[in-house]
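**Student:** First, the structure itself, so that you have it in front of you.
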Protein chains: 2
Amino acid sequence: MTMADYKSILERERAAYQPKLPSVLWGPVQAVEGEATQSVADQEKIKGLFPSTYGMPVLAFEKSTRRKESVEPFNVGVILSGGQAPGGHNVICGLFDALKALHPDCRLYGFLMGPSGLVDHDYKELTKDIIDRYRNTGGFDMIGSGRTKLEKVEQFEKGLEIIHELNIRGLVIIGGDDSNTNAAMLAEYYKAKGEPVQVVGCPKTIDGDLKNAMIEISFGFDTATKVYGELIGNIERDCNSSRKYWHFIKLMGRSASHIALECALQTRPNYCIISEEVEARNMTLGDVADEITEVVISRAEKGMNFGTVLVPEGLIEFIPTMKDLMAELNQMLIDYPHIPNLVEMEQNDFVRAHLSEKNREIYDLLPDDVARQLSSERDAHGNVQMSQIETEQLLSRMVGHRLEPMIKDHTFPGKFKTQHHFLGYEGRCAFPSNFDADYCYALGYNAVQLINCGATGYMSSIRNLSSPSSEWLAGGVPITMMMNIERRNGEDKPVIRKSLVDLYGRPFQKFAAKRGEWAIDTCFVYPGPVQFFGPSELCDQVNRTLYYELGGE
Amino acid sequence: MTMADYKSILERERAAYQPKLPSVLWGPVQAVEGEATQSVADQEKIKGLFPSTYGMPVLAFEKSTRRKESVEPFNVGVILSGGQAPGGHNVICGLFDALKALHPDCRLYGFLMGPSGLVDHDYKELTKDIIDRYRNTGGFDMIGSGRTKLEKVEQFEKGLEIIHELNIRGLVIIGGDDSNTNAAMLAEYYKAKGEPVQVVGCPKTIDGDLKNAMIEISFGFDTATKVYGELIGNIERDCNSSRKYWHFIKLMGRSASHIALECALQTRPNYCIISEEVEARNMTLGDVADEITEVVISRAEKGMNFGTVLVPEGLIEFIPTMKDLMAELNQMLIDYPHIPNLVEMEQNDFVRAHLSEKNREIYDLLPDDVARQLSSERDAHGNVQMSQIETEQLLSRMVGHRLEPMIKDHTFPGKFKTQHHFLGYEGRCAFPSNFDADYCYALGYNAVQLINCGATGYMSSIRNLSSPSSEWLAGGVPITMMMNIERRNGEDKPVIRKSLVDLYGRPFQKFAAKRGEWAIDTCFVYPGPVQFFGPSELCDQVNRTLYYELGGE
């Protein structure tokens with residue numbers, strides 16, 4: 001064993017876990033077709049863009065009445081796309097086991113470092129040795145991941161070369177909304193061209209924003225929020241022991257506030273910002289700071305100069321005034337791509353000179369460093385880099401400013417000292433929870449059934465997830481069904497509609513009903529670390545969001 | 001059940017865990033006295049300061065040959081002092097169970113919010129209801145903690161009032177080196193005065209710097225480093241999946257680098273700074289940045305533009321040139337206490353004007369914000385606030401500067417993008433590991449035996465910790481034995497000698513033997529979250545530091 005191969009005790013013990021598969025997938029399946037589908041909006045435009053794959057039926061798998069079918073061996077390629085999420089390896093393990101169950105001569109190829117592996121023909125065959133080393137582990141390090149976007153014909157054609165060379169019948173793309181959009185484009189392109197290769201997507205993202213009527217949850221959300229819940233609970237317990245700090249905790253997640261909401265339901269902090277609500281109530285950043293300040297004062301009056309505030313990473317873009325500013329900045333960065341290369345002062349001057357008057361006013365209100373962060377580099381999706389903006393620091397400073405007059409005239413009955421945290425990378429590659437280990441394995445196992453029944457342009461769909469895994473439902477959903485047209489990078493594009501926090505949905509309603517109490521009293525809950533070996537109530541619990549969405553009380 | 005009483009599933013399940021007690025403590029014990037002891041240094045001075053409690057023998061407990069003794073009921077008070085560490089509640093539970101085992105009429109009083117609870121007569125009786133709610137939980141929230149230092153006669157006298165009022169025979173102070181020093185002072189004062197109350201300390205600190213021949217480890221270190229190990233492992237896995245960032249991870253810990261070393265042994269990062277080595281090798285901050293830069297270049301040459309660097313929080317004070325500067329700054333803050341109130345520019349000017357020429361040169365070399373951090377507020381111990389200095393950011397910037405010329409002339413074969421983390425509050429209040437749950441319970445249980453046998457000025461000592469807990473040894477160590485004289489806050493004071501990382505000790509040697517390989521290859525290990533219910537090999541493992549120190553291979 002080389003040093004690089006050394007495994008932790010947990011990794012060794014966890015390797016033996018056998019993910020629980022839905023009983024419908026225990027043997028041969030047959031696909032039952034539902035009605036023809038439509039995209040969630042912009043039907044004509046989507047149909048025009050996906051003439052060969054639009055309108056396909058939802059597929060539901062049932063146990064086949066035939067005994068074991070005889071299948072010709074076939075090959076599958078798999079790509080991990082975008083940010084890491086716990087469970088990705090188990091999707092691949094599910095693919096492998098399903099392929100080998102169909103025929104021992106089936107082969108699985110992993111394209112390396114994301115979609116670029118397909119384009120650059122960088123791959124390796126995933127053999128039993130490799131697969132067994134990664135069962136139930138976190139991370140995407142088995143084959144690596146990357147953010148190259150598959151959207152150009154040249155890329156599709158380059159991909160086709162290696163697909164032919166390796167005789168690949170099915171390509172599985174494991175990714176978030178953008179990657180699955182690209183999977184749909186690839187499927188459409190190959191089908192329109194008469195190429196027999198099929199493309200199937202799997203819903204991955206810790207952000208939890210890839211879900212809809214047919215996709216109950218994306219994988220990784222469950223584990224990541226449990227790790228963040230563990231850490232927030234630990235910070236809350238610290239906070240409640242020393243009783244002297246307000247902890248402002250920013251949580252990763254590009255735009256939706258699902259992670260923050262889930263963590264709030266797990267840990268009951270004193271305040272949790274839900275960006276979607278901030279937008280719906282048309283609040284400014286100052287309004288948010290005002291609300292937090294009220295909570296700080298109320299607790300100080302009861303002698304409690306401590307608390308926790310959860311801040312979703314994407315907050316800024318949901319604040320209508322900030323959103324206008326950012327839309328203009330995004331466009332400015334397209335029109336003047338040299339801006340990030342300017343030195344600080346020049347950058348500021350240039351941006352101010354080119355902003356509309358309305359947005360210049362807001363820009364001028366921001367602290368210098370925040371303004372600079374907003375006009376710096378964009379992320380791979382062409383958007384201003386939200387995570388660069390230290391909103392947790394910004395908000396706590398704003399609360400401090402609001403308390404200053406009260407502190408000066410001695411009407412503030414307490415103290416306001418702060419600590420800041422940003423939780424993100426700590427959770428994206430954690431060992432998958434039992435839920436994610438099972439769900440991912442089923443998604444992969446199911447993807448092979450979709451390929452075996454000839455589907456392309458589908459997303460692997462496992463549902464009924466709040467029931468025991470044996471009762472989970474398996475099938476496929478046409479990706480075009482989830483699409484609409486949105487403006488991206490200055491252009492109208494077909495994309496999978498992001499799922500934002502539904503303010504009328506049960507998770508938010510549960511939170512809204514209790515948050516007043518959580519703000520003033522100290523109701524902290526300490527979930528502790530994810531457990532793999534204890535009682536099922538503990539180890540197999542699902543996240544609160546999914547639980548409430550599927551009707552739990 | 002009120003909302004505030006809601007417990008997580010883990011908290012409920014974990015309440016049932018029965019900490020494993022050393023077999024010697026399973027029934028009545030008798031104390032065996034060792035030889036008279038001496039302080040580790042400055043014997044005459046320490047003896048002069050502790051005339052009544054100096055030179056006492058080490059005590060070892062053996063099973064008593066008598067059957068159950070008949071004990072008059074007595075009362076004990078307990079204080080949690082200083083920063084939180086996992087397991088504090090179990091010390092208190094051990095005290096409670098030991099008291100009740102001696103006599104059901106024994107009572108336990110908890111002084112609230114740290115030592116100030118004793119001085120201000122702020123306390124509550126800890127009844128079975130309260131104790132049962134906190135078994136095997138993290139945090140100090142059962143009675144709170146605080147940083148008031150017990151060192152003045154008026155405080156000792158105020159304490160005596162409530163000690164008399166509650167008829168307290170034994171006072172247990174759970175704390176780090178400073179708090180145990182104060183326990184010794186209190187014991188000395190009361191004994192010299194002829195007061196019958198006894199004072200016993202328990203060794204607590206996640207920093208791991210309170211240990212010596214008789215105290216193998218302080219509690220909390222095991223759990224906190226396992227939480228940090230979990231998170232570092234997760235970050236490493238992320239790093240190894242996306243392969244595009246160097247993660248600079250700062251780890252809490254006031255001065256010693258035990259936490260960083262332990263985390264390195266657990267997770268095998270590419271570079272780990274050990275402050276004690278930096279000092280021994282007389283390195284500057286620039287030298288450290290040079291070494292990291294070499295590792296970055298070596299990995300870039302192999303196509304690996306990613307890695308992890310562990311940075312101990314206390315680094316700056318171990319760098320000889322920085323240490324001189326800081327000593328002068330510390331003295332300046334005593335001489336001119338108004339400095340922190342000056343505005344930035346004035347502060348800088350004032351500090352520069354008053355620094356010696358040699359130190360002004362170094363001060364001028366620092367980036368502005370770091371220089372300012374060094375001259376801002378002191379912590380409760382009168383020291384410059386180490387945690388204010390973002391050394392992880394400072395170092396990564398310095399590495400970036402060193403790569404700049406190579407990037408400009410295209411001789412650097414890669415990229416250098418960074419992410420920064422500070423792990424601290426995430427681990428101080430975690431659910432205690434089995435080791436800490438057992439060790440703390442034994443420390444508390446043992447402290448009651450020390451009181452019962454008349455000891456004062458002792459620290460509760462449980463040893464042989466790498467063996468199964470049934471074989472652990474129990475006894476007491478005179479606190480004066482661990483003391484020497486050090487300069488604090490501008491004065492010579494008797495203090496417990498801090499244990500720094502021993503560069504000739506086995507933990508460091510194990511690290512030093514492997515780090516070259518870990519730097520260039522990717523040897524990351526992913527420990528995962530602390531487990532409570534799995535196989536013993538997993539759940540009862542002790543930290544690497546203790547394991548190697550006690551002879552493990």
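Residue names in the structure tokens use chain letters A, B, ... in the order shown, residue numbers from 1 in each chain, and ligand numbers from 1 in the order shown.
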Hey, what's within 7 Å of region 209-211 of chain B if we count only C-alpha atoms and toss same-chain stuff fewer than 5 positions away? As number ranges by chain, please?
**Tutor:** B: 176-177, 203, 216-218, 256, 498-500
**Student:** Which chain A residues are at most 7 Å from chain B (counting only C-alpha atoms), as a ChimeraX atom specification?
**Tutor:** /A:3-4,6-10,84,139-141,144-146,231,234-235,237-238,240-242,425-431,522-531,533-534,538
**Student:** Which distance in Å separates CA of Pro413 (chain B) and CA of Glu294 (chain B), to one decimal?
**Tutor:**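 That distance, rounded to one decimal, is 12.6 Å.
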**Student:** Taking the DSSP assignment computed from this structure's backbone, write out as a VMD selection string all residues of region 164-326 of chain B that belong to strand (DSSP E or B).
**Tutor:** chain B and resid 168 to 175 198 to 204 219 246 to 251 271 to 272 307 to 312
**Student:** Give me the residues within 7 Å of region 89-98 of chain B as a ChimeraX atom specification, counting only C-alpha atoms and dropping any in the same chain fewer than 3 places off.
**Tutor:** /B:101-102,108,131,134-138,140,437,440-445,447-448
**Student:** For each of B:Lys152, B:Lys204, B:Arg402, B:Lys191, take the minimum atom-to-atom distance to Asp287 (chain B), counting only C-alpha atoms, then give the residue where this is smallest.
**Tutor:**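 Looking at the shortest contact to Asp287 (chain B), the residue is B:Arg402.
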**Student:** Just give me the gap between CA of Phe306 (chain A) and CA of Met398 (chain A) in Å, one decimal is fine.
**Tutor:** 16.7 Å
**Student:** Take CA of Asn341 (chain A) and CA of Glu317 (chain A) and report the distance between them in Å, one decimal.
**Tutor:**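 Here the two named atoms are 23.6 Å from each other.
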**Student:** For Cys453 (chain A), find every residue with an atom within 12 Å (counting only C-alpha atoms), except residues of its own chain fewer than 5 positions away, and show them as a PyMOL selection string.
**Tutor:** chain A and resi 28-33+59-61+64+69+71+169-170+198+200+446-448+458+475-476
**Student:** Which is closer to Gly88 (chain A) than all the others in A:Phe219, A:Leu333, A:Asp364, A:Phe416, using only C-alpha atoms?
**Tutor:**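 Closest residue, counting only C-alpha atoms: A:Phe219.
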**Student:** At a cut-off of 9 Å, using only C-alpha atoms, what residues contact Thr321 (chain B)? Leave out same-chain residues fewer than 2 positions from it and give the result as an MDAnalysis selection string.
**Tutor:** chainID B and resid 282:285 317:319 323:326 359 362
**Student:** Write the residues of the selection above to a file with N, CA, C and O atoms, as a CSV table (one decimal), in the first residue's frame.
**Tutor:**
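Here's the written file result.csv:
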```csv
chain,number,residue,atom,x,y,z
B,282,ASN,N,14.9,29.5,13.8
B,282,ASN,CA,15.1,30.9,13.7
B,282,ASN,C,14.6,31.5,12.4
B,282,ASN,O,15.3,32.3,11.7
B,283,MET,N,13.5,31.0,11.9
B,283,MET,CA,12.9,31.4,10.6
B,283,MET,C,12.2,32.7,10.7
B,283,MET,O,11.5,33.0,11.7
B,284,THR,N,12.2,33.5,9.6
B,284,THR,CA,11.3,34.7,9.5
B,284,THR,C,10.1,34.2,8.8
B,284,THR,O,10.0,33.1,8.3
B,285,LEU,N,9.1,35.1,8.8
B,285,LEU,CA,7.9,34.8,8.1
B,285,LEU,C,8.2,34.6,6.6
B,285,LEU,O,7.6,33.8,5.9
B,317,GLU,N,3.9,34.7,17.1
B,317,GLU,CA,4.7,34.9,18.4
B,317,GLU,C,5.9,34.0,18.5
B,317,GLU,O,6.7,34.2,19.4
B,318,PHE,N,6.0,33.1,17.6
B,318,PHE,CA,7.2,32.2,17.6
B,318,PHE,C,8.3,32.6,16.7
B,318,PHE,O,9.3,32.0,16.6
B,319,ILE,N,8.0,33.6,15.9
B,319,ILE,CA,9.0,34.1,15.0
B,319,ILE,C,9.9,35.1,15.7
B,319,ILE,O,9.4,36.1,16.1
B,323,LYS,N,8.5,38.2,17.5
B,323,LYS,CA,8.4,38.1,19.0
B,323,LYS,C,9.0,39.3,19.7
B,323,LYS,O,8.3,39.9,20.6
B,324,ASP,N,10.1,39.7,19.3
B,324,ASP,CA,10.7,41.0,19.8
B,324,ASP,C,9.8,42.1,19.6
B,324,ASP,O,9.5,42.9,20.5
B,325,LEU,N,9.3,42.2,18.4
B,325,LEU,CA,8.3,43.3,18.1
B,325,LEU,C,7.1,43.3,19.0
B,325,LEU,O,6.7,44.3,19.5
B,326,MET,N,6.6,42.0,19.1
B,326,MET,CA,5.4,41.9,19.9
B,326,MET,C,5.6,42.2,21.4
B,326,MET,O,4.7,42.8,22.0
B,359,ASN,N,12.8,47.3,15.8
B,359,ASN,CA,11.5,46.8,15.6
B,359,ASN,C,10.6,47.6,14.7
B,359,ASN,O,9.7,47.1,14.0
B,362,ILE,N,10.9,46.2,11.2
B,362,ILE,CA,10.1,45.0,11.0
B,362,ILE,C,8.6,45.4,10.8
B,362,ILE,O,7.9,45.0,10.0
```
**Student:** As a list in words, please: the residues near Leu550 (chain A) (cut-off 12 Å, only C-alpha atoms, same-chain neighbours under 2 positions excluded).
**Tutor:**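 Within the cut-off, the hits are Ala213, Glu216, Ile217, Arg463, Asn464, Leu465, Ser466, Ser467, Gly505, Arg506, Pro507, Val542, Asn543, Arg544, Thr545, Leu546, Tyr547, Tyr548, Gly552 and Glu553 of chain A.
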**Student:** Write out, as a compact mmCIF listing (two decimals), in the first residue's frame, the residues just selected, with N, CA, C and O atoms.
**Tutor:**
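Saved to out32.txt:
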```txt
# COMPACT_ATOMS: atom_id res chain seq x y z
N ALA A 213 -41.53 18.92 -9.81
CA ALA A 213 -42.55 17.91 -9.54
C ALA A 213 -41.99 16.49 -9.67
O ALA A 213 -42.42 15.58 -8.96
N GLU A 216 -37.46 15.23 -6.73
CA GLU A 216 -37.79 15.71 -5.39
C GLU A 216 -36.64 16.44 -4.73
O GLU A 216 -36.84 17.32 -3.89
N ILE A 217 -35.42 16.06 -5.09
CA ILE A 217 -34.25 16.69 -4.47
C ILE A 217 -33.03 16.39 -5.33
O ILE A 217 -33.01 15.38 -6.05
N ARG A 463 -38.09 8.82 -6.87
CA ARG A 463 -39.04 9.62 -6.08
C ARG A 463 -39.61 8.86 -4.90
O ARG A 463 -39.25 7.73 -4.66
N ASN A 464 -40.52 9.55 -4.19
CA ASN A 464 -41.14 8.99 -2.98
C ASN A 464 -40.09 8.83 -1.87
O ASN A 464 -40.08 7.87 -1.10
N LEU A 465 -39.22 9.83 -1.80
CA LEU A 465 -37.98 9.72 -1.02
C LEU A 465 -38.16 9.81 0.48
O LEU A 465 -37.21 9.54 1.22
N SER A 466 -39.36 10.18 0.94
CA SER A 466 -39.50 10.20 2.40
C SER A 466 -39.96 8.84 2.93
O SER A 466 -40.03 8.62 4.13
N SER A 467 -40.25 7.92 2.02
CA SER A 467 -40.57 6.55 2.42
C SER A 467 -39.28 5.74 2.50
O SER A 467 -38.24 6.18 2.02
N GLY A 505 -44.51 27.36 0.46
CA GLY A 505 -44.22 25.93 0.66
C GLY A 505 -44.11 25.60 2.15
O GLY A 505 -43.92 26.47 2.99
N ARG A 506 -44.20 24.33 2.45
CA ARG A 506 -44.22 23.91 3.85
C ARG A 506 -42.91 24.17 4.60
O ARG A 506 -42.95 24.58 5.77
N PRO A 507 -41.74 23.95 3.98
CA PRO A 507 -40.52 24.23 4.76
C PRO A 507 -40.46 25.70 5.23
O PRO A 507 -40.21 25.97 6.41
N VAL A 542 -33.97 12.02 7.01
CA VAL A 542 -33.76 12.88 5.84
C VAL A 542 -33.80 14.34 6.30
O VAL A 542 -34.27 14.66 7.40
N ASN A 543 -33.29 15.20 5.46
CA ASN A 543 -33.29 16.62 5.78
C ASN A 543 -34.72 17.13 5.98
O ASN A 543 -35.68 16.56 5.46
N ARG A 544 -34.85 18.22 6.75
CA ARG A 544 -36.17 18.76 7.09
C ARG A 544 -36.92 19.25 5.85
O ARG A 544 -38.14 19.13 5.76
N THR A 545 -36.20 19.83 4.89
CA THR A 545 -36.84 20.38 3.70
C THR A 545 -37.62 19.31 2.96
O THR A 545 -38.82 19.46 2.69
N LEU A 546 -36.94 18.19 2.67
CA LEU A 546 -37.58 17.10 1.94
C LEU A 546 -38.72 16.52 2.78
O LEU A 546 -39.82 16.25 2.28
N TYR A 547 -38.45 16.37 4.06
CA TYR A 547 -39.44 15.80 4.97
C TYR A 547 -40.73 16.61 4.96
O TYR A 547 -41.83 16.07 4.80
N TYR A 548 -40.60 17.92 5.11
CA TYR A 548 -41.80 18.78 5.12
C TYR A 548 -42.44 18.85 3.74
O TYR A 548 -43.67 18.84 3.61
N GLY A 552 -44.36 15.56 5.78
CA GLY A 552 -44.05 15.25 7.19
C GLY A 552 -44.49 16.37 8.12
O GLY A 552 -44.60 17.53 7.71
N GLU A 553 -44.75 16.02 9.36
CA GLU A 553 -45.20 17.04 10.34
C GLU A 553 -44.09 17.39 11.32
O GLU A 553 -43.31 16.56 11.73
```
**Student:** In region 27-77 of chain A, what's alpha helix (DSSP H) per DSSP? Answer as a list in words?
**Tutor:**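 Taking region 27-77 of chain A and keeping alpha helix (DSSP H) gives Gln43, Glu44, Lys45, Ile46, Lys47, Gly48 and Leu49 of chain A.
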**Student:** Pick out the closest residue to Ser469 (chain B) from this set: B:Lys20, B:Lys124, B:Arg254, B:Lys100. Count only C-alpha atoms.
**Tutor:**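 Answer, going by the shortest atom-to-atom distance: B:Lys20.
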**Student:** Using only C-alpha atoms, which protein or nucleic acid residues come within 8 Å of Ile292 (chain B)? Drop anything in the same chain fewer than 3 positions from it, and give the result as a ChimeraX atom specification.
**Tutor:** /B:271,288-289,295-296,399
**Student:** Write to file, as a short mmCIF file (atom, residue, chain, number, x, y, z; two decimals), in the first residue's frame, the residues of the selection just made, with all heavy atoms.
**Tutor:**
```
data_model
loop_
_atom_site.label_atom_id
_atom_site.label_comp_id
_atom_site.auth_asym_id
_atom_site.auth_seq_id
_atom_site.Cartn_x
_atom_site.Cartn_y
_atom_site.Cartn_z
N TYR B 271 1.52 20.90 3.47
CA TYR B 271 2.45 21.65 4.32
C TYR B 271 1.75 21.96 5.63
O TYR B 271 0.56 22.28 5.65
CB TYR B 271 2.88 22.96 3.63
CG TYR B 271 4.11 23.59 4.26
CD1 TYR B 271 5.38 23.27 3.82
CD2 TYR B 271 3.98 24.50 5.31
CE1 TYR B 271 6.52 23.82 4.40
CE2 TYR B 271 5.11 25.06 5.90
CZ TYR B 271 6.37 24.71 5.44
OH TYR B 271 7.49 25.25 6.02
N VAL B 288 9.30 31.11 5.97
CA VAL B 288 8.16 30.18 5.91
C VAL B 288 7.49 30.27 4.54
O VAL B 288 7.21 29.25 3.90
CB VAL B 288 7.14 30.49 7.04
CG1 VAL B 288 5.91 29.59 6.91
CG2 VAL B 288 7.78 30.34 8.41
N ALA B 289 7.27 31.49 4.08
CA ALA B 289 6.64 31.68 2.76
C ALA B 289 7.51 31.07 1.67
O ALA B 289 7.00 30.48 0.71
CB ALA B 289 6.40 33.17 2.49
N VAL B 295 7.14 24.24 -2.26
CA VAL B 295 6.18 23.13 -2.39
C VAL B 295 5.20 23.42 -3.52
O VAL B 295 4.90 22.54 -4.34
CB VAL B 295 5.44 22.88 -1.05
CG1 VAL B 295 4.35 21.84 -1.24
CG2 VAL B 295 6.41 22.46 0.04
N VAL B 296 4.72 24.65 -3.58
CA VAL B 296 3.77 25.04 -4.63
C VAL B 296 4.41 24.82 -6.01
O VAL B 296 3.79 24.27 -6.92
CB VAL B 296 3.32 26.51 -4.46
CG1 VAL B 296 2.55 27.00 -5.68
CG2 VAL B 296 2.46 26.66 -3.19
N VAL B 399 3.25 34.13 -0.59
CA VAL B 399 3.58 33.11 -1.59
C VAL B 399 3.27 33.65 -2.99
O VAL B 399 4.08 33.52 -3.92
CB VAL B 399 2.82 31.79 -1.32
CG1 VAL B 399 3.02 30.81 -2.46
CG2 VAL B 399 3.25 31.18 0.01
#
```
